[in-house]
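K.L.:
The following file, start-v6.cif, comprises mmCIF, C-alpha atoms:
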```cif
data_query
#
loop_
_atom_site.label_atom_id
_atom_site.label_comp_id
_atom_site.auth_asym_id
_atom_site.auth_seq_id
_atom_site.Cartn_x
_atom_site.Cartn_y
_atom_site.Cartn_z
CA MET G 7 -37.67 -23.33 -40.86
CA ASP G 8 -34.34 -22.09 -42.17
CA ASP G 9 -34.96 -18.86 -44.10
CA ARG G 10 -32.04 -19.59 -46.46
CA TYR G 11 -34.17 -22.24 -48.13
CA PHE G 12 -37.42 -22.43 -50.05
CA ILE G 13 -38.15 -26.02 -48.93
CA CYS G 14 -36.55 -27.71 -45.91
CA THR G 15 -36.28 -31.29 -44.73
CA SER G 16 -34.55 -32.56 -41.63
CA ARG G 17 -31.14 -32.67 -43.39
CA LEU G 18 -31.54 -30.64 -46.55
CA GLY G 19 -32.44 -27.25 -47.88
CA LEU G 20 -33.74 -26.58 -51.36
CA ARG G 21 -33.44 -23.15 -52.90
CA ARG G 22 -33.23 -21.38 -56.20
CA LEU G 23 -29.75 -21.56 -57.67
CA GLU G 24 -27.72 -18.39 -57.75
CA GLU G 25 -24.82 -17.44 -59.97
CA GLN G 26 -22.26 -18.30 -57.28
CA ASP G 27 -23.63 -21.88 -57.23
CA ILE G 28 -22.30 -22.47 -60.76
CA THR G 29 -18.98 -23.84 -59.48
CA GLU G 30 -16.29 -26.19 -60.73
CA GLY G 31 -17.85 -28.89 -58.55
CA TYR G 32 -21.21 -28.48 -60.30
CA LEU G 33 -19.47 -28.54 -63.69
CA ASN G 34 -17.62 -31.71 -62.68
CA TRP G 35 -20.94 -33.48 -61.95
CA ILE G 36 -22.32 -32.63 -65.38
CA ASN G 37 -19.15 -33.96 -67.03
CA ASP G 38 -18.98 -37.13 -64.89
CA SER G 39 -20.44 -40.08 -66.79
CA ASP G 40 -21.22 -41.94 -63.53
CA VAL G 41 -23.37 -39.02 -62.36
CA THR G 42 -25.15 -38.48 -65.68
CA LYS G 43 -25.42 -42.12 -66.77
CA PHE G 44 -29.21 -42.23 -66.40
CA THR G 45 -29.94 -38.69 -67.63
CA ASP G 46 -30.28 -36.82 -70.90
CA VAL G 47 -27.17 -34.71 -70.21
CA GLY G 48 -23.49 -35.52 -70.08
CA PHE G 49 -23.04 -36.93 -73.56
CA PHE G 50 -21.17 -33.88 -74.76
CA PRO G 51 -18.62 -31.95 -72.71
CA GLN G 52 -20.12 -28.98 -70.91
CA SER G 53 -18.35 -25.73 -70.12
CA ARG G 54 -18.99 -23.26 -67.35
CA SER G 55 -20.56 -20.92 -69.91
CA ASP G 56 -22.96 -23.75 -70.89
CA LEU G 57 -24.04 -24.00 -67.24
CA PHE G 58 -24.48 -20.21 -67.03
CA GLU G 59 -26.56 -20.26 -70.20
CA PHE G 60 -28.76 -23.01 -68.75
CA TYR G 61 -29.04 -21.12 -65.46
CA GLU G 62 -30.09 -17.92 -67.27
CA SER G 63 -32.70 -19.76 -69.35
CA ILE G 64 -34.28 -21.60 -66.43
CA LYS G 65 -34.49 -18.68 -63.98
CA VAL G 66 -36.87 -16.68 -66.19
CA ARG G 67 -39.40 -19.45 -66.74
CA ASN G 68 -42.62 -19.59 -64.76
CA ASP G 69 -43.41 -23.18 -65.67
CA ASN G 70 -40.43 -24.76 -63.88
CA LEU G 71 -39.41 -25.06 -60.27
CA PHE G 72 -35.66 -25.67 -60.49
CA LEU G 73 -33.89 -25.84 -57.13
CA GLY G 74 -30.45 -26.68 -55.85
CA ILE G 75 -30.22 -29.33 -53.12
CA PHE G 76 -28.01 -28.25 -50.22
CA TRP G 77 -26.77 -30.18 -47.18
CA SER G 78 -28.16 -27.79 -44.57
CA ASP G 79 -25.39 -28.23 -41.96
CA THR G 80 -22.74 -26.90 -44.35
CA ASP G 81 -24.83 -25.32 -47.16
CA GLN G 82 -22.95 -27.61 -49.56
CA HIS G 83 -24.57 -27.90 -53.00
CA ILE G 84 -25.04 -31.62 -53.62
CA GLY G 85 -27.56 -31.79 -56.45
CA ASN G 86 -30.53 -30.29 -58.26
CA VAL G 87 -34.22 -31.04 -58.57
CA LYS G 88 -36.72 -29.91 -61.18
CA LEU G 89 -40.48 -29.85 -61.24
CA GLY G 90 -41.43 -28.85 -64.74
CA PRO G 91 -42.61 -28.02 -67.13
CA ILE G 92 -45.76 -27.43 -65.10
CA ASN G 93 -49.05 -27.50 -66.95
CA TRP G 94 -51.10 -24.96 -64.97
CA VAL G 95 -54.37 -25.77 -66.78
CA HIS G 96 -54.38 -29.54 -66.30
CA ARG G 97 -52.41 -29.36 -63.01
CA TYR G 98 -49.56 -31.80 -63.73
CA SER G 99 -45.79 -31.70 -63.98
CA SER G 100 -42.76 -33.75 -64.82
CA TYR G 101 -40.15 -34.46 -62.12
CA SER G 102 -36.40 -35.04 -62.23
CA ILE G 103 -33.55 -35.11 -59.74
CA LEU G 104 -29.77 -35.32 -59.89
CA ILE G 105 -27.60 -36.05 -56.86
CA GLY G 106 -24.30 -34.83 -58.25
CA ASP G 107 -22.03 -35.25 -55.24
CA LYS G 108 -21.26 -38.97 -55.05
CA ASP G 109 -20.46 -38.69 -51.31
CA PHE G 110 -24.23 -38.33 -50.80
CA TRP G 111 -25.30 -41.35 -52.86
CA GLY G 112 -27.03 -44.15 -50.96
CA LYS G 113 -28.11 -41.92 -48.07
CA GLY G 114 -31.82 -41.58 -48.90
CA ILE G 115 -31.43 -38.08 -50.34
CA CYS G 116 -33.49 -38.86 -53.45
CA THR G 117 -36.41 -40.15 -51.39
CA GLU G 118 -36.26 -37.23 -48.95
CA VAL G 119 -36.14 -34.58 -51.70
CA THR G 120 -38.77 -36.30 -53.85
CA ARG G 121 -41.19 -36.51 -50.91
CA ALA G 122 -40.63 -32.82 -50.01
CA VAL G 123 -41.02 -31.58 -53.60
CA CYS G 124 -44.16 -33.68 -54.14
CA HIS G 125 -45.61 -32.29 -50.91
CA HIS G 126 -44.97 -28.77 -52.22
CA ALA G 127 -46.40 -29.68 -55.64
CA PHE G 128 -49.63 -31.02 -54.21
CA SER G 129 -50.08 -28.65 -51.26
CA ALA G 130 -48.72 -25.27 -52.35
CA LEU G 131 -49.00 -25.53 -56.15
CA ASN G 132 -52.25 -27.55 -56.10
CA LEU G 133 -51.04 -29.94 -58.77
CA ASN G 134 -52.95 -33.17 -59.24
CA ARG G 135 -50.25 -35.33 -60.84
CA VAL G 136 -46.47 -35.60 -60.90
CA HIS G 137 -44.88 -37.98 -63.41
CA LEU G 138 -41.39 -39.05 -64.33
CA GLY G 139 -39.37 -41.34 -66.52
CA VAL G 140 -36.63 -43.58 -65.17
CA VAL G 141 -34.25 -46.02 -66.88
CA ASP G 142 -35.20 -49.58 -65.93
CA LYS G 143 -31.58 -50.24 -64.94
CA ASN G 144 -31.65 -47.46 -62.30
CA GLU G 145 -32.93 -49.72 -59.53
CA ALA G 146 -32.02 -47.36 -56.67
CA ALA G 147 -34.08 -44.53 -58.17
CA ILE G 148 -37.03 -46.84 -58.85
CA ARG G 149 -37.03 -48.02 -55.21
CA SER G 150 -36.84 -44.42 -54.05
CA TYR G 151 -39.79 -43.32 -56.18
CA GLU G 152 -41.84 -46.31 -55.04
CA LYS G 153 -41.17 -45.36 -51.39
CA VAL G 154 -42.70 -41.96 -52.08
CA GLY G 155 -45.74 -43.62 -53.73
CA PHE G 156 -45.03 -43.46 -57.46
CA THR G 157 -46.52 -46.32 -59.45
CA LEU G 158 -45.58 -47.77 -62.81
CA GLU G 159 -47.93 -46.68 -65.60
CA GLY G 160 -46.10 -48.13 -68.58
CA LYS G 161 -42.82 -48.15 -70.41
CA SER G 162 -41.17 -46.91 -73.55
CA ARG G 163 -39.15 -49.79 -74.98
CA SER G 164 -35.46 -49.44 -75.88
CA TYR G 165 -35.53 -45.75 -74.99
CA PHE G 166 -32.13 -45.17 -73.35
CA PHE G 167 -28.71 -46.35 -74.48
CA VAL G 168 -26.74 -47.07 -71.29
CA ASP G 169 -23.55 -49.09 -70.89
CA GLY G 170 -23.67 -50.29 -74.49
CA GLU G 171 -27.27 -51.56 -74.34
CA TYR G 172 -30.75 -50.23 -74.91
CA HIS G 173 -32.96 -49.98 -71.85
CA ASP G 174 -36.61 -49.25 -71.30
CA ASN G 175 -37.87 -45.99 -69.86
CA LEU G 176 -40.33 -46.68 -67.06
CA ASN G 177 -43.16 -44.16 -66.85
CA MET G 178 -44.17 -43.59 -63.23
CA ALA G 179 -46.66 -41.20 -61.67
CA LEU G 180 -48.07 -40.08 -58.35
CA LEU G 181 -51.49 -38.50 -57.88
CA LYS G 182 -52.35 -35.95 -55.24
CA ASN G 183 -55.00 -38.11 -53.52
CA GLU G 184 -52.58 -41.07 -53.31
CA PHE G 185 -49.87 -38.90 -51.77
CA MET G 186 -52.25 -37.28 -49.28
CA MET G 187 -53.65 -40.66 -48.20
CA GLN G 188 -50.09 -41.83 -47.61
CA LEU G 189 -49.43 -38.75 -45.45
CA ASP G 190 -52.58 -39.42 -43.42
CA ARG G 191 -51.36 -42.95 -42.64
CA GLN G 192 -48.02 -41.71 -41.27
#
```
Here is the file; what I need is its structure written in the form of structure tokens.
P.N.:
Amino acid sequence: MDDRYFICTSRLGLRRLEEQDITEGYLNWINDSDVTKFTDVGFFPQSRSDLFEFYESIKVRNDNLFLGIFWSDTDQHIGNVKLGPINWVHRYSSYSILIGDKDFWGKGICTEVTRAVCHHAFSALNLNRVHLGVVDKNEAAIRSYEKVGFTLEGKSRSYFFVDGEYHDNLNMALLKNEFMMQLDRQ
């Protein structure tokens, strides 16, 4: 295990963001409509001070696990992942991920990070459920979540406005026992 990181996979390290991670590259992702197309951010220009403000607000919360995704060979920041808010009483959380560096799209990063964060959620945090929402047009993300074991629970119709059209939000979830059974089979 690489002690630079909180969670490690074979290619990636996940760790808490630090001030020096708020770079021009990170700012460029948030202002790139291709990167933020399927998210709730990116509709208004963001400044570096906006990112710092977000960073300051998230680092003091105890109901969110917000980590930067780093290519471990070079320690290059390529995206972020969030588990939260976490409901500690009912043992569930929401999940979201952003691969900001387009050079890392299509390389299985989303699946690898999602699997690692869900493992942490169910094993270390003892959560029972992780859920997410995904735009129905984001087929790559849907396939990735299905590989990890997420299943469709329903949809919110005409929820997102993407590329000039309304799209449904697919509500997907993964339960601890489903994830652990999947691990046992591997």
K.L.:
Apply the PyMOL selection byres ((chain G and resi 184) around 12) to the structure shown and report the selected residues as a VMD selection string.
P.N.:
chain G and resid 124 to 125 128 134 to 136 154 to 157 179 to 183 185 to 191
K.L.:
Give me the residues within 12 Å of His126 (chain G) as an MDAnalysis selection string, counting all atoms listed in the file and dropping any in the same chain fewer than 2 places off.
P.N.:
chainID G and resid 12:15 20 71 89 119:124 128:134 136 182 185:186
K.L.:
Which residue gives the smallest distance to Leu73 (chain G) among G:Glu59, G:Asp107, G:Asp27, G:Asp40, with all atoms listed in the file counted?
P.N.:
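Smallest distance to Leu73 (chain G) is found for G:Asp27.
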K.L.:
Could you give me, as CSV, a per-residue list for region 17-133 of chain G showing, wherever an atom lies at most 10 Å from an atom of region 165-170 of chain G, the closest pair of atoms and their distance in Å to one decimal, using only C-alpha atoms and sorting by chain then residue number from low to high?
P.N.:
```
residue,atom,partner,partner_atom,distance
G:Lys43,CA,G:Val168,CA,6.8
G:Phe44,CA,G:Val168,CA,7.3
G:Thr45,CA,G:Phe166,CA,8.9
G:Asp46,CA,G:Phe166,CA,8.9
```
K.L.:
From (-35.6, -25.5, -66.8), in the file's coordinates, out to 12 Å: which residues are reached, counting all atoms listed in the file? Answer as a short mmCIF file (atom, residue, chain, number, x, y, z; two decimals) with C-alpha atoms, keeping the file's coordinate frame.
P.N.:
```cif
data_model
loop_
_atom_site.label_atom_id
_atom_site.label_comp_id
_atom_site.auth_asym_id
_atom_site.auth_seq_id
_atom_site.Cartn_x
_atom_site.Cartn_y
_atom_site.Cartn_z
CA ARG G 22 -33.23 -21.38 -56.20
CA LEU G 23 -29.75 -21.56 -57.67
CA LEU G 57 -24.04 -24.00 -67.24
CA GLU G 59 -26.56 -20.26 -70.20
CA PHE G 60 -28.76 -23.01 -68.75
CA TYR G 61 -29.04 -21.12 -65.46
CA GLU G 62 -30.09 -17.92 -67.27
CA SER G 63 -32.70 -19.76 -69.35
CA ILE G 64 -34.28 -21.60 -66.43
CA LYS G 65 -34.49 -18.68 -63.98
CA VAL G 66 -36.87 -16.68 -66.19
CA ARG G 67 -39.40 -19.45 -66.74
CA ASN G 68 -42.62 -19.59 -64.76
CA ASP G 69 -43.41 -23.18 -65.67
CA ASN G 70 -40.43 -24.76 -63.88
CA LEU G 71 -39.41 -25.06 -60.27
CA PHE G 72 -35.66 -25.67 -60.49
CA LEU G 73 -33.89 -25.84 -57.13
CA ASN G 86 -30.53 -30.29 -58.26
CA VAL G 87 -34.22 -31.04 -58.57
CA LYS G 88 -36.72 -29.91 -61.18
CA LEU G 89 -40.48 -29.85 -61.24
CA GLY G 90 -41.43 -28.85 -64.74
CA PRO G 91 -42.61 -28.02 -67.13
CA ILE G 92 -45.76 -27.43 -65.10
CA SER G 100 -42.76 -33.75 -64.82
CA TYR G 101 -40.15 -34.46 -62.12
CA SER G 102 -36.40 -35.04 -62.23
#
```
K.L.:
Hey, can you check how far CA of Ser53 (chain G) sits from CA of Leu33 (chain G)?
P.N.:
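It comes out at 7.1 Å.
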K.L.:
Between CA of Met178 (chain G) and CA of Leu104 (chain G), what is the distance in Å, rounded to a tenth?
P.N.:
16.9 Å
K.L.:
Selected by the PyMOL selection byres ((chain G and resi 174) around 10) in the shown coordinates: which residues, as a list in words?
P.N.:
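What the PyMOL selection byres ((chain G and resi 174) around 10) grabs from the file is Gly139, Val140, Val141, Asp142, Lys143, Gly160, Lys161, Ser162, Arg163, Ser164, Tyr165, Phe166, Phe167, Tyr172, His173, Asn175, Leu176 and Asn177 of chain G.
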K.L.:
Write a file of the selected residues as a compact mmCIF listing (two decimals), in the coordinates of the input, keeping C-alpha atoms.
P.N.:
```
# COMPACT_ATOMS: atom_id res chain seq x y z
CA GLY G 139 -39.37 -41.34 -66.52
CA VAL G 140 -36.63 -43.58 -65.17
CA VAL G 141 -34.25 -46.02 -66.88
CA ASP G 142 -35.20 -49.58 -65.93
CA LYS G 143 -31.58 -50.24 -64.94
CA GLY G 160 -46.10 -48.13 -68.58
CA LYS G 161 -42.82 -48.15 -70.41
CA SER G 162 -41.17 -46.91 -73.55
CA ARG G 163 -39.15 -49.79 -74.98
CA SER G 164 -35.46 -49.44 -75.88
CA TYR G 165 -35.53 -45.75 -74.99
CA PHE G 166 -32.13 -45.17 -73.35
CA PHE G 167 -28.71 -46.35 -74.48
CA TYR G 172 -30.75 -50.23 -74.91
CA HIS G 173 -32.96 -49.98 -71.85
CA ASN G 175 -37.87 -45.99 -69.86
CA LEU G 176 -40.33 -46.68 -67.06
CA ASN G 177 -43.16 -44.16 -66.85
```
K.L.:
Neighbouring residues of Ile36 (chain G) were defined as those with any atom within 8 Å, considering all atoms listed in the file; residues of the same chain fewer than 4 positions away were excluded. Please report them as a PyMOL selection string.
P.N.:
chain G and resi 32+41-42+47-48+52+106
K.L.:
Given the file above and the PyMOL selection byres ((chain G and resi 84) around 7), which residues are selected, and can you give them as a list in words?
P.N.:
Ile75, Phe76, Trp77, Gln82, His83, Gly85, Ile105, Gly106 and Asp107 of chain G
K.L.:
When you draw a straight line from CA of Glu24 (chain G) to CA of Gly74 (chain G), how long is it in Å?
P.N.:
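Separation of CA of Glu24 (chain G) and CA of Gly74 (chain G): 8.9 Å.
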K.L.:
Have a look at G:Glu171, G:Glu118, G:Asp81, G:Asp109 and name the one nearest to Tyr151 (chain G); count all atoms listed in the file.
P.N.:
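Ranked by minimum distance to Tyr151 (chain G), first place goes to G:Glu118.
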K.L.:
So, with only C-alpha atoms as the atoms that count, which of G:Leu138, G:Ile115, G:Leu158, G:Ala147 lies closest to Arg17 (chain G)?
P.N.:
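Closest candidate: G:Ile115.
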K.L.:
Can you sort out the box for region 110-113 of chain G, edges along x, y and z, all listed atoms in, 3 Å on every side, with centre and edge lengths in Å to one decimal, as lines of an AutoDock Vina configuration file?
P.N.:
```
center_x = -26.2
center_y = -41.2
center_z = -50.5
size_x = 9.9
size_y = 11.8
size_z = 10.8
```
K.L.:
Can you give me N, CA and C atoms for region 126-159 of chain G, written as a PDB file, keeping the file's coordinate frame?
P.N.:
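Everything below was put into result-v3.pdb:
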```
ATOM      1  N   HIS G 126     -44.824 -30.155 -51.753  1.00  0.00           N
ATOM      2  CA  HIS G 126     -44.970 -28.770 -52.220  1.00  0.00           C
ATOM      3  C   HIS G 126     -45.848 -28.719 -53.484  1.00  0.00           C
ATOM      4  N   ALA G 127     -45.627 -29.649 -54.395  1.00  0.00           N
ATOM      5  CA  ALA G 127     -46.400 -29.680 -55.640  1.00  0.00           C
ATOM      6  C   ALA G 127     -47.886 -29.845 -55.376  1.00  0.00           C
ATOM      7  N   PHE G 128     -48.228 -30.741 -54.462  1.00  0.00           N
ATOM      8  CA  PHE G 128     -49.630 -31.020 -54.210  1.00  0.00           C
ATOM      9  C   PHE G 128     -50.279 -30.034 -53.236  1.00  0.00           C
ATOM     10  N   SER G 129     -49.524 -29.555 -52.265  1.00  0.00           N
ATOM     11  CA  SER G 129     -50.080 -28.650 -51.260  1.00  0.00           C
ATOM     12  C   SER G 129     -50.042 -27.191 -51.696  1.00  0.00           C
ATOM     13  N   ALA G 130     -48.875 -26.697 -52.038  1.00  0.00           N
ATOM     14  CA  ALA G 130     -48.720 -25.270 -52.350  1.00  0.00           C
ATOM     15  C   ALA G 130     -49.103 -24.938 -53.799  1.00  0.00           C
ATOM     16  N   LEU G 131     -48.734 -25.805 -54.733  1.00  0.00           N
ATOM     17  CA  LEU G 131     -49.000 -25.530 -56.150  1.00  0.00           C
ATOM     18  C   LEU G 131     -50.335 -26.098 -56.622  1.00  0.00           C
ATOM     19  N   ASN G 132     -50.963 -26.930 -55.792  1.00  0.00           N
ATOM     20  CA  ASN G 132     -52.250 -27.550 -56.100  1.00  0.00           C
ATOM     21  C   ASN G 132     -52.224 -28.371 -57.384  1.00  0.00           C
ATOM     22  N   LEU G 133     -51.092 -29.033 -57.636  1.00  0.00           N
ATOM     23  CA  LEU G 133     -51.040 -29.940 -58.770  1.00  0.00           C
ATOM     24  C   LEU G 133     -51.796 -31.217 -58.427  1.00  0.00           C
ATOM     25  N   ASN G 134     -52.230 -31.919 -59.441  1.00  0.00           N
ATOM     26  CA  ASN G 134     -52.950 -33.170 -59.240  1.00  0.00           C
ATOM     27  C   ASN G 134     -52.092 -34.393 -59.562  1.00  0.00           C
ATOM     28  N   ARG G 135     -51.035 -34.187 -60.357  1.00  0.00           N
ATOM     29  CA  ARG G 135     -50.250 -35.330 -60.840  1.00  0.00           C
ATOM     30  C   ARG G 135     -48.799 -34.897 -61.037  1.00  0.00           C
ATOM     31  N   VAL G 136     -47.888 -35.762 -60.621  1.00  0.00           N
ATOM     32  CA  VAL G 136     -46.470 -35.600 -60.900  1.00  0.00           C
ATOM     33  C   VAL G 136     -46.012 -36.898 -61.561  1.00  0.00           C
ATOM     34  N   HIS G 137     -45.341 -36.780 -62.696  1.00  0.00           N
ATOM     35  CA  HIS G 137     -44.880 -37.980 -63.410  1.00  0.00           C
ATOM     36  C   HIS G 137     -43.395 -37.869 -63.720  1.00  0.00           C
ATOM     37  N   LEU G 138     -42.814 -39.002 -64.024  1.00  0.00           N
ATOM     38  CA  LEU G 138     -41.390 -39.050 -64.330  1.00  0.00           C
ATOM     39  C   LEU G 138     -41.086 -40.241 -65.212  1.00  0.00           C
ATOM     40  N   GLY G 139     -39.896 -40.203 -65.779  1.00  0.00           N
ATOM     41  CA  GLY G 139     -39.370 -41.340 -66.520  1.00  0.00           C
ATOM     42  C   GLY G 139     -38.064 -41.763 -65.879  1.00  0.00           C
ATOM     43  N   VAL G 140     -37.846 -43.060 -65.790  1.00  0.00           N
ATOM     44  CA  VAL G 140     -36.630 -43.580 -65.170  1.00  0.00           C
ATOM     45  C   VAL G 140     -36.148 -44.797 -65.952  1.00  0.00           C
ATOM     46  N   VAL G 141     -34.840 -44.881 -66.169  1.00  0.00           N
ATOM     47  CA  VAL G 141     -34.250 -46.020 -66.880  1.00  0.00           C
ATOM     48  C   VAL G 141     -34.458 -47.283 -66.043  1.00  0.00           C
ATOM     49  N   ASP G 142     -34.908 -48.348 -66.669  1.00  0.00           N
ATOM     50  CA  ASP G 142     -35.200 -49.580 -65.930  1.00  0.00           C
ATOM     51  C   ASP G 142     -33.995 -50.135 -65.176  1.00  0.00           C
ATOM     52  N   LYS G 143     -32.805 -49.762 -65.599  1.00  0.00           N
ATOM     53  CA  LYS G 143     -31.580 -50.240 -64.940  1.00  0.00           C
ATOM     54  C   LYS G 143     -31.257 -49.450 -63.659  1.00  0.00           C
ATOM     55  N   ASN G 144     -31.909 -48.321 -63.461  1.00  0.00           N
ATOM     56  CA  ASN G 144     -31.650 -47.460 -62.300  1.00  0.00           C
ATOM     57  C   ASN G 144     -32.497 -47.923 -61.117  1.00  0.00           C
ATOM     58  N   GLU G 145     -32.124 -49.074 -60.571  1.00  0.00           N
ATOM     59  CA  GLU G 145     -32.930 -49.720 -59.530  1.00  0.00           C
ATOM     60  C   GLU G 145     -33.037 -48.892 -58.253  1.00  0.00           C
ATOM     61  N   ALA G 146     -31.978 -48.177 -57.890  1.00  0.00           N
ATOM     62  CA  ALA G 146     -32.020 -47.360 -56.670  1.00  0.00           C
ATOM     63  C   ALA G 146     -33.059 -46.249 -56.809  1.00  0.00           C
ATOM     64  N   ALA G 147     -33.094 -45.600 -57.957  1.00  0.00           N
ATOM     65  CA  ALA G 147     -34.080 -44.530 -58.170  1.00  0.00           C
ATOM     66  C   ALA G 147     -35.493 -45.096 -58.172  1.00  0.00           C
ATOM     67  N   ILE G 148     -35.691 -46.228 -58.805  1.00  0.00           N
ATOM     68  CA  ILE G 148     -37.030 -46.840 -58.850  1.00  0.00           C
ATOM     69  C   ILE G 148     -37.511 -47.142 -57.439  1.00  0.00           C
ATOM     70  N   ARG G 149     -36.654 -47.738 -56.610  1.00  0.00           N
ATOM     71  CA  ARG G 149     -37.030 -48.020 -55.210  1.00  0.00           C
ATOM     72  C   ARG G 149     -37.379 -46.734 -54.466  1.00  0.00           C
ATOM     73  N   SER G 150     -36.597 -45.702 -54.698  1.00  0.00           N
ATOM     74  CA  SER G 150     -36.840 -44.420 -54.050  1.00  0.00           C
ATOM     75  C   SER G 150     -38.202 -43.853 -54.439  1.00  0.00           C
ATOM     76  N   TYR G 151     -38.502 -43.846 -55.720  1.00  0.00           N
ATOM     77  CA  TYR G 151     -39.790 -43.320 -56.180  1.00  0.00           C
ATOM     78  C   TYR G 151     -40.944 -44.149 -55.638  1.00  0.00           C
ATOM     79  N   GLU G 152     -40.779 -45.461 -55.581  1.00  0.00           N
ATOM     80  CA  GLU G 152     -41.840 -46.310 -55.040  1.00  0.00           C
ATOM     81  C   GLU G 152     -42.077 -46.017 -53.559  1.00  0.00           C
ATOM     82  N   LYS G 153     -41.016 -45.715 -52.803  1.00  0.00           N
ATOM     83  CA  LYS G 153     -41.170 -45.360 -51.390  1.00  0.00           C
ATOM     84  C   LYS G 153     -42.034 -44.124 -51.209  1.00  0.00           C
ATOM     85  N   VAL G 154     -41.917 -43.197 -52.152  1.00  0.00           N
ATOM     86  CA  VAL G 154     -42.700 -41.960 -52.080  1.00  0.00           C
ATOM     87  C   VAL G 154     -44.145 -42.212 -52.530  1.00  0.00           C
ATOM     88  N   GLY G 155     -44.385 -43.288 -53.297  1.00  0.00           N
ATOM     89  CA  GLY G 155     -45.740 -43.620 -53.730  1.00  0.00           C
ATOM     90  C   GLY G 155     -45.943 -43.657 -55.227  1.00  0.00           C
ATOM     91  N   PHE G 156     -44.907 -43.401 -56.009  1.00  0.00           N
ATOM     92  CA  PHE G 156     -45.030 -43.460 -57.460  1.00  0.00           C
ATOM     93  C   PHE G 156     -45.341 -44.889 -57.887  1.00  0.00           C
ATOM     94  N   THR G 157     -46.191 -45.009 -58.904  1.00  0.00           N
ATOM     95  CA  THR G 157     -46.520 -46.320 -59.450  1.00  0.00           C
ATOM     96  C   THR G 157     -46.192 -46.358 -60.936  1.00  0.00           C
ATOM     97  N   LEU G 158     -45.905 -47.550 -61.412  1.00  0.00           N
ATOM     98  CA  LEU G 158     -45.580 -47.770 -62.810  1.00  0.00           C
ATOM     99  C   LEU G 158     -46.847 -47.649 -63.646  1.00  0.00           C
ATOM    100  N   GLU G 159     -46.779 -46.839 -64.701  1.00  0.00           N
ATOM    101  CA  GLU G 159     -47.930 -46.680 -65.600  1.00  0.00           C
ATOM    102  C   GLU G 159     -47.671 -47.313 -66.964  1.00  0.00           C
TER     103      GLU G 159
END
```
